[in-house]
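Shown next: my_file07.txt, containing compact mmCIF, C-alpha atoms and all ligand atoms.
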# COMPACT_ATOMS: atom_id res chain seq x y z
CA MET A 1 68.26 102.98 64.07
CA ASN A 2 64.75 101.46 63.95
CA GLY A 3 62.38 102.66 66.67
CA THR A 4 62.56 101.12 70.11
CA MET A 5 64.67 98.11 71.00
CA ASN A 6 61.67 95.79 71.14
CA ASP A 7 59.92 96.45 67.88
CA ASN A 8 62.32 95.28 65.18
CA TRP A 9 62.31 91.50 65.57
CA THR A 10 59.44 90.61 63.27
CA GLY A 11 60.74 88.22 60.62
CA LYS A 12 63.91 87.44 62.58
CA ALA A 13 64.82 84.17 64.28
CA ALA A 14 66.66 83.12 67.42
CA ILE A 15 67.89 79.97 69.14
CA VAL A 16 67.66 79.95 72.94
CA THR A 17 69.44 77.00 74.50
CA GLY A 18 67.94 75.90 77.81
CA GLY A 19 64.92 77.96 76.79
CA ALA A 20 62.32 75.62 78.32
CA GLN A 21 62.78 76.75 81.94
CA GLY A 22 64.27 79.43 84.13
CA ILE A 23 66.11 82.40 82.65
CA GLY A 24 65.99 80.90 79.15
CA LYS A 25 62.21 80.65 79.31
CA ALA A 26 61.99 84.38 80.11
CA ILE A 27 64.43 85.21 77.30
CA THR A 28 62.27 83.19 74.91
CA LEU A 29 59.12 85.08 75.99
CA ARG A 30 60.74 88.51 75.54
CA LEU A 31 61.97 87.60 72.06
CA LEU A 32 58.54 86.25 71.08
CA GLN A 33 56.83 89.40 72.40
CA ALA A 34 59.25 91.45 70.29
CA GLY A 35 58.14 89.50 67.21
CA ALA A 36 61.01 87.01 66.76
CA SER A 37 60.59 83.35 65.92
CA VAL A 38 62.32 81.24 68.56
CA MET A 39 63.72 77.71 68.60
CA ILE A 40 63.93 76.38 72.15
CA ALA A 41 66.85 73.93 72.30
CA ASP A 42 66.58 72.11 75.60
CA GLN A 43 67.32 68.60 76.79
CA ASP A 44 64.12 68.40 78.89
CA ARG A 45 61.27 67.28 76.62
CA GLU A 46 58.56 67.62 79.28
CA ALA A 47 59.61 71.21 80.02
CA GLY A 48 59.98 72.04 76.31
CA GLU A 49 56.52 70.77 75.39
CA GLU A 50 54.91 72.55 78.35
CA THR A 51 56.57 75.83 77.41
CA ILE A 52 55.55 75.57 73.76
CA ALA A 53 51.92 74.90 74.77
CA GLU A 54 51.96 77.80 77.26
CA TYR A 55 53.45 80.33 74.83
CA GLN A 56 51.53 79.15 71.79
CA ALA A 57 48.32 79.84 73.79
CA LEU A 58 49.25 83.54 74.18
CA LYS A 59 47.20 85.80 71.93
CA GLN A 60 50.12 87.76 70.52
CA ILE A 61 52.17 84.66 69.55
CA LYS A 62 51.55 83.34 66.03
CA VAL A 63 51.17 79.63 65.26
CA GLY A 64 54.63 78.16 64.62
CA GLN A 65 56.44 81.22 65.97
CA VAL A 66 57.95 79.14 68.80
CA LYS A 67 59.29 75.62 68.39
CA PHE A 68 61.07 73.08 70.54
CA VAL A 69 63.73 70.58 69.60
CA GLN A 70 65.13 68.25 72.23
CA THR A 71 68.85 68.97 72.28
CA ASP A 72 71.86 68.15 74.38
CA VAL A 73 74.18 71.10 73.77
CA SER A 74 77.21 68.99 74.73
CA ASP A 75 76.56 66.57 71.86
CA GLU A 76 77.85 67.71 68.47
CA ALA A 77 75.38 65.69 66.37
CA SER A 78 72.49 66.96 68.47
CA VAL A 79 73.59 70.61 68.04
CA GLN A 80 74.12 70.17 64.29
CA SER A 81 70.66 68.66 63.88
CA MET A 82 69.04 71.38 66.05
CA THR A 83 70.67 74.09 63.93
CA GLN A 84 69.47 72.45 60.69
CA GLN A 85 65.93 72.18 62.06
CA THR A 86 66.01 75.86 63.04
CA ILE A 87 66.97 76.91 59.51
CA GLN A 88 64.37 74.55 58.01
CA SER A 89 61.72 76.08 60.29
CA PHE A 90 62.57 79.77 60.04
CA ASP A 91 64.84 80.11 56.94
CA ARG A 92 67.32 82.30 58.83
CA LEU A 93 69.11 82.87 62.13
CA ASP A 94 69.74 86.27 63.70
CA LEU A 95 70.55 85.44 67.32
CA LEU A 96 72.05 82.59 69.34
CA VAL A 97 71.61 82.73 73.12
CA ASN A 98 73.89 80.22 74.84
CA ASN A 99 71.96 79.93 78.10
CA ALA A 100 71.76 76.16 78.74
CA GLY A 101 73.75 75.12 81.73
CA ILE A 102 74.04 72.92 84.74
CA ALA A 103 72.97 75.88 86.80
CA HIS A 104 74.23 74.96 90.27
CA PRO A 105 77.73 74.38 91.60
CA SER A 106 78.17 70.93 93.18
CA ASN A 107 79.91 72.11 96.39
CA ASP A 108 82.21 69.09 96.39
CA PRO A 109 85.62 69.93 97.88
CA ILE A 110 88.42 69.60 95.29
CA GLU A 111 89.66 66.32 96.83
CA GLN A 112 86.22 64.76 96.27
CA LEU A 113 85.36 66.48 93.00
CA SER A 114 85.14 63.67 90.45
CA LEU A 115 86.68 64.01 87.02
CA GLU A 116 83.35 62.81 85.64
CA HIS A 117 81.52 65.76 87.24
CA TRP A 118 84.21 68.24 86.15
CA ASN A 119 84.06 66.97 82.56
CA ARG A 120 80.24 67.03 82.42
CA MET A 121 80.14 70.60 83.77
CA LEU A 122 82.66 71.71 81.14
CA ALA A 123 80.87 69.78 78.38
CA VAL A 124 77.49 71.40 79.00
CA ASN A 125 78.37 74.89 80.22
CA LEU A 126 81.37 75.65 78.00
CA THR A 127 81.72 73.13 75.16
CA GLY A 128 77.96 73.51 74.55
CA ALA A 129 78.43 77.21 73.79
CA PHE A 130 81.35 76.43 71.47
CA LEU A 131 79.34 73.80 69.55
CA CYS A 132 76.25 76.00 69.20
CA ALA A 133 78.39 78.91 68.00
CA LYS A 134 80.25 76.68 65.53
CA TYR A 135 77.06 75.60 63.76
CA ALA A 136 75.22 78.92 64.08
CA VAL A 137 77.99 81.17 62.77
CA PRO A 138 77.53 80.59 59.01
CA HIS A 139 73.84 81.51 59.35
CA LEU A 140 74.43 84.44 61.72
CA ARG A 141 77.12 85.85 59.43
CA SER A 142 74.74 86.18 56.52
CA GLN A 143 72.28 88.19 58.70
CA GLY A 144 74.77 90.32 60.64
CA GLY A 145 73.57 88.55 63.77
CA ALA A 146 74.61 88.28 67.40
CA ILE A 147 75.65 85.72 70.01
CA ILE A 148 74.94 86.19 73.71
CA ASN A 149 76.49 83.89 76.27
CA ILE A 150 75.00 83.55 79.75
CA ALA A 151 77.87 83.21 82.22
CA SER A 152 77.63 84.10 85.94
CA THR A 153 79.07 86.52 88.46
CA ARG A 154 80.88 83.39 89.64
CA ALA A 155 83.22 83.94 86.68
CA ALA A 156 84.69 86.76 88.78
CA MET A 157 84.00 85.79 92.42
CA SER A 158 83.54 82.57 94.37
CA GLU A 159 82.34 80.68 97.39
CA PRO A 160 84.45 77.70 98.50
CA ASN A 161 84.09 74.42 96.59
CA THR A 162 82.64 75.74 93.34
CA GLU A 163 85.67 75.13 91.10
CA ALA A 164 83.99 73.30 88.21
CA TYR A 165 81.07 75.70 87.79
CA SER A 166 83.20 78.84 88.20
CA ALA A 167 85.80 77.57 85.71
CA THR A 168 83.11 77.01 83.07
CA LYS A 169 81.75 80.52 83.57
CA GLY A 170 85.21 82.10 83.42
CA GLY A 171 85.71 80.14 80.22
CA LEU A 172 82.51 81.59 78.76
CA VAL A 173 83.69 85.15 79.43
CA ALA A 174 86.97 84.40 77.62
CA LEU A 175 85.16 82.60 74.78
CA THR A 176 83.07 85.75 74.38
CA HIS A 177 85.94 88.15 73.70
CA ALA A 178 87.75 85.59 71.55
CA LEU A 179 84.67 85.11 69.36
CA ALA A 180 84.01 88.85 69.23
CA ASN A 181 87.44 89.35 67.67
CA SER A 182 87.12 86.41 65.29
CA LEU A 183 83.58 87.12 64.10
CA GLY A 184 83.43 90.92 63.85
CA PRO A 185 82.33 93.02 62.13
CA GLU A 186 79.50 90.76 60.90
CA ILE A 187 78.65 89.16 64.26
CA ARG A 188 78.72 90.80 67.69
CA VAL A 189 79.35 88.52 70.68
CA ASN A 190 78.57 89.54 74.25
CA CYS A 191 78.14 87.94 77.63
CA ILE A 192 75.76 88.48 80.54
CA SER A 193 76.74 87.45 84.06
CA PRO A 194 73.64 87.08 86.20
CA GLY A 195 73.88 87.21 89.98
CA TRP A 196 71.12 85.68 92.12
CA ILE A 197 68.11 85.19 89.85
CA ALA A 198 64.97 83.59 91.34
CA VAL A 199 63.85 80.97 88.82
CA SER A 200 61.62 78.61 90.84
CA GLU A 201 58.39 79.98 89.30
CA TRP A 202 59.82 79.49 85.79
CA GLN A 203 60.34 75.73 86.11
CA LYS A 204 58.18 73.02 84.53
CA LYS A 205 54.96 72.36 86.48
CA SER A 206 56.29 69.33 88.40
CA LYS A 207 59.20 71.43 89.75
CA ARG A 208 57.50 74.85 90.01
CA ARG A 209 57.62 76.41 93.50
CA PRO A 210 56.97 79.82 95.01
CA PRO A 211 60.29 81.58 95.62
CA GLN A 212 61.75 81.13 99.11
CA ILE A 213 63.62 84.35 99.60
CA ARG A 214 64.22 85.92 103.00
CA GLU A 215 63.97 89.67 103.52
CA ALA A 216 67.70 89.64 104.39
CA ASP A 217 68.42 88.04 101.00
CA GLN A 218 66.60 90.90 99.29
CA GLN A 219 68.11 93.64 101.42
CA GLN A 220 71.73 92.54 101.04
CA HIS A 221 71.50 93.61 97.40
CA PRO A 222 72.28 97.31 96.75
CA VAL A 223 69.07 97.48 94.66
CA GLY A 224 67.03 95.94 97.53
CA ARG A 225 65.94 92.72 95.83
CA VAL A 226 67.18 89.53 94.18
CA GLY A 227 66.95 89.27 90.41
CA LYS A 228 64.13 88.12 88.13
CA PRO A 229 64.61 86.19 84.87
CA GLU A 230 63.10 89.22 83.10
CA ASP A 231 66.07 91.35 84.28
CA VAL A 232 68.35 89.12 82.19
CA ALA A 233 65.89 88.83 79.30
CA ASP A 234 65.69 92.61 78.92
CA MET A 235 69.48 92.84 78.64
CA VAL A 236 69.51 90.06 76.02
CA LEU A 237 67.06 92.06 73.93
CA TYR A 238 69.15 95.20 74.28
CA LEU A 239 72.48 93.52 73.46
CA ALA A 240 70.93 91.86 70.41
CA SER A 241 69.46 95.12 69.14
CA GLU A 242 70.89 97.70 66.76
CA GLN A 243 71.13 100.14 69.68
CA ALA A 244 73.98 97.96 70.99
CA GLY A 245 75.83 98.09 67.65
CA PHE A 246 79.01 99.50 69.24
CA ILE A 247 79.13 96.83 71.98
CA THR A 248 81.00 93.56 71.46
CA GLY A 249 83.24 91.30 73.54
CA VAL A 250 81.94 92.57 76.88
CA ASN A 251 80.61 90.83 79.98
CA ILE A 252 77.78 92.69 81.73
CA ALA A 253 76.82 91.81 85.31
CA ILE A 254 73.07 91.78 86.07
CA ASP A 255 73.43 91.29 89.80
CA GLY A 256 71.73 94.11 91.71
CA GLY A 257 75.16 95.54 92.53
CA MET A 258 76.52 92.54 94.44
CA THR A 259 79.86 92.35 92.60
CA HIS A 260 80.54 95.97 93.60
CA LYS A 261 79.70 95.57 97.27
CA MET A 262 82.35 95.39 100.01
CA ILE A 263 81.49 92.54 102.38
CA TYR A 264 84.14 92.87 105.14
CA LEU A 265 82.61 91.95 108.50
CA GLU A 266 82.03 94.85 110.93
CA ASP A 267 82.82 94.42 114.68
N1 LIG A 301 69.53 81.37 88.33
C1 LIG A 301 70.62 82.00 88.70
O1 LIG A 301 70.70 82.55 89.82
C2 LIG A 301 71.82 82.07 87.78
C3 LIG A 301 72.89 82.88 88.17
C4 LIG A 301 73.99 82.99 87.33
C5 LIG A 301 74.03 82.28 86.14
N2 LIG A 301 72.99 81.48 85.77
C6 LIG A 301 73.10 80.78 84.50
O2 LIG A 301 71.94 81.04 83.71
C7 LIG A 301 71.66 79.90 82.89
C8 LIG A 301 70.21 79.47 83.14
O3 LIG A 301 70.09 79.14 84.53
P1 LIG A 301 68.68 78.89 85.24
O4 LIG A 301 68.84 79.28 86.65
O5 LIG A 301 67.61 79.46 84.42
O6 LIG A 301 68.66 77.28 85.18
P2 LIG A 301 67.43 76.25 85.02
O7 LIG A 301 67.96 74.97 85.57
O8 LIG A 301 66.18 76.83 85.55
O9 LIG A 301 67.28 76.11 83.44
C9 LIG A 301 68.32 75.56 82.68
C10 LIG A 301 67.71 74.90 81.45
O10 LIG A 301 68.83 74.37 80.69
C11 LIG A 301 68.48 73.06 80.28
N3 LIG A 301 69.70 72.26 80.09
C12 LIG A 301 70.54 71.77 81.04
N4 LIG A 301 71.51 71.04 80.47
C13 LIG A 301 71.28 71.07 79.13
C14 LIG A 301 71.93 70.48 78.01
N5 LIG A 301 73.01 69.68 78.15
N6 LIG A 301 71.44 70.73 76.77
C15 LIG A 301 70.32 71.51 76.62
N7 LIG A 301 69.66 72.06 77.64
C16 LIG A 301 70.13 71.84 78.88
C17 LIG A 301 67.59 72.49 81.40
O11 LIG A 301 66.80 71.41 80.94
C18 LIG A 301 66.78 73.73 81.79
O12 LIG A 301 65.56 73.81 81.07
C19 LIG A 301 72.68 78.83 83.26
O13 LIG A 301 73.74 78.86 82.35
C20 LIG A 301 73.16 79.27 84.64
O14 LIG A 301 74.46 78.81 84.94
C21 LIG A 301 71.88 81.36 86.58
Could you show the structure in this file as structure tokens?
Ligand SMILES: NC(=O)c1ccc[n+]([C@@H]2O[C@H](COP(=O)([O-])OP(=O)(O)OC[C@H]3O[C@@H](n4cnc5c(N)ncnc54)[C@H](O)[C@@H]3O)[C@@H](O)[C@H]2O)c1
Amino acid sequence: MNGTMNDNWTGKAAIVTGGAQGIGKAITLRLLQAGASVMIADQDREAGEETIAEYQALKQIKVGQVKFVQTDVSDEASVQSMTQQTIQSFDRLDLLVNNAGIAHPSNDPIEQLSLEHWNRMLAVNLTGAFLCAKYAVPHLRSQGGAIINIASTRAAMSEPNTEAYSATKGGLVALTHALANSLGPEIRVNCISPGWIAVSEWQKKSKRRPPQIREADQQQHPVGRVGKPEDVADMVLYLASEQAGFITGVNIAIDGGMTHKMIYLED
């Protein structure tokens, strides 16, 4: 084992899908701080270019250590080209983080839920992870790399009218254990299910807002607060590290305890 979990990424390379904003932007920063080169694969060019400029201005980030390629993860040609550009840029691939997603359930009741919306949700949130894995695997295999899928606690619990989103996240959990069995021992594949993560300050400038979180929202969590993107990013770094070498196929909730909290109403 090499030192601490954060110090062994120099010379290694990662793809973070949806890495231009939100949780993916925090994952990208943690990987860069640990020394990795990172390709941000995001469909939002404005957000991608802003994030590159912001991170490239940080003293500890080397020129060319972080790159952006506009990518739609649901489009096979786009994913194939993004993967090729990553290898051309960094000569290797050690980690794929499948984070890109349509991050909010639509709340349409099933009778009004359009097939078009259902199909788009599946294409981005689930097929996107399949496509990125498909093209990354040959490169990851030669490095003994890792894949981390970002699902949601909604894979295991629901509010009404969230069928499409929840189904995609349940699919990601299943894709994780299937891939772990197919790709071991060379590649470990794990999943993180975030709960409520406040991302408004991690959006591109035109959408950036201070978080609007009530005290009751914080206090309902057993840990006394909602989540931060860094909470998820730290777990990505751990799961990708050698310290996690005996962990594959699992889904870890980063949710402040909410999936283990009884919520029956009291009189
Ligand atoms: N924020 C939360 O509370 C929360 C909770 C559970 C799970 N998640 C999951 O975490 C992931 C990140 O969520 P977030 O809250 O940071 O969302 P976000 O909307 O802040 O960021 C998502 C990023 O993905 C990109 N993206 C969307 N569709 C894409 C596509 N087709 N191809 C490439 N990039 C695409 C967006 O441009 C954006 O930059 C998502 O998969 C989401 O479902 C978030």
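Ranking A:Gly35, A:Pro194, A:Pro229, A:Gly224 by their shortest atom-to-atom distance to ligand LIG 301 (chain A), with all atoms listed in the file included, puts A:Pro194 first.
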*Which chains and residue numbers are within 7 Å of ligand LIG 301 (chain A), counting all atoms listed in the file, if I want them as a VMD selection string?*
chain A and resid 17 to 24 41 to 44 47 71 to 74 99 to 104 124 to 125 150 to 153 193 to 199 202 to 203
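One finds atom CA of Thr51 of chain A at 9.7 Å from atom CA of Leu29 of chain A.
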_Is it possible to get the residues within 12 Å of (73.6, 98.6, 73.1) (coordinates as in the file, counting only C-alpha atoms) written as a ChimeraX atom specification?_
/A:1,4-5,146,188-190,234-248,250,252
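Considering the residues A:Ile254, A:Leu113, A:Met262, A:Val232 and counting all atoms listed in the file, Gln220 of chain A has its shortest atom-to-atom contact with A:Met262.
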*Extract, using only C-alpha atoms, all DNA, RNA and protein residues at most 12 Å from Ile263 of chain A, discarding same-chain residues fewer than 2 positions from it, and format them as a VMD selection string.*
chain A and resid 220 to 222 258 to 261 265 to 266
*Quick one: everything within 10 Å of Tyr135 of chain A, counting all atoms listed in the file, minus sequence neighbours fewer than 5 positions away in the same chain. Send it as an MDAnalysis selection string.*
chainID A and resid 76 79:84 130 140
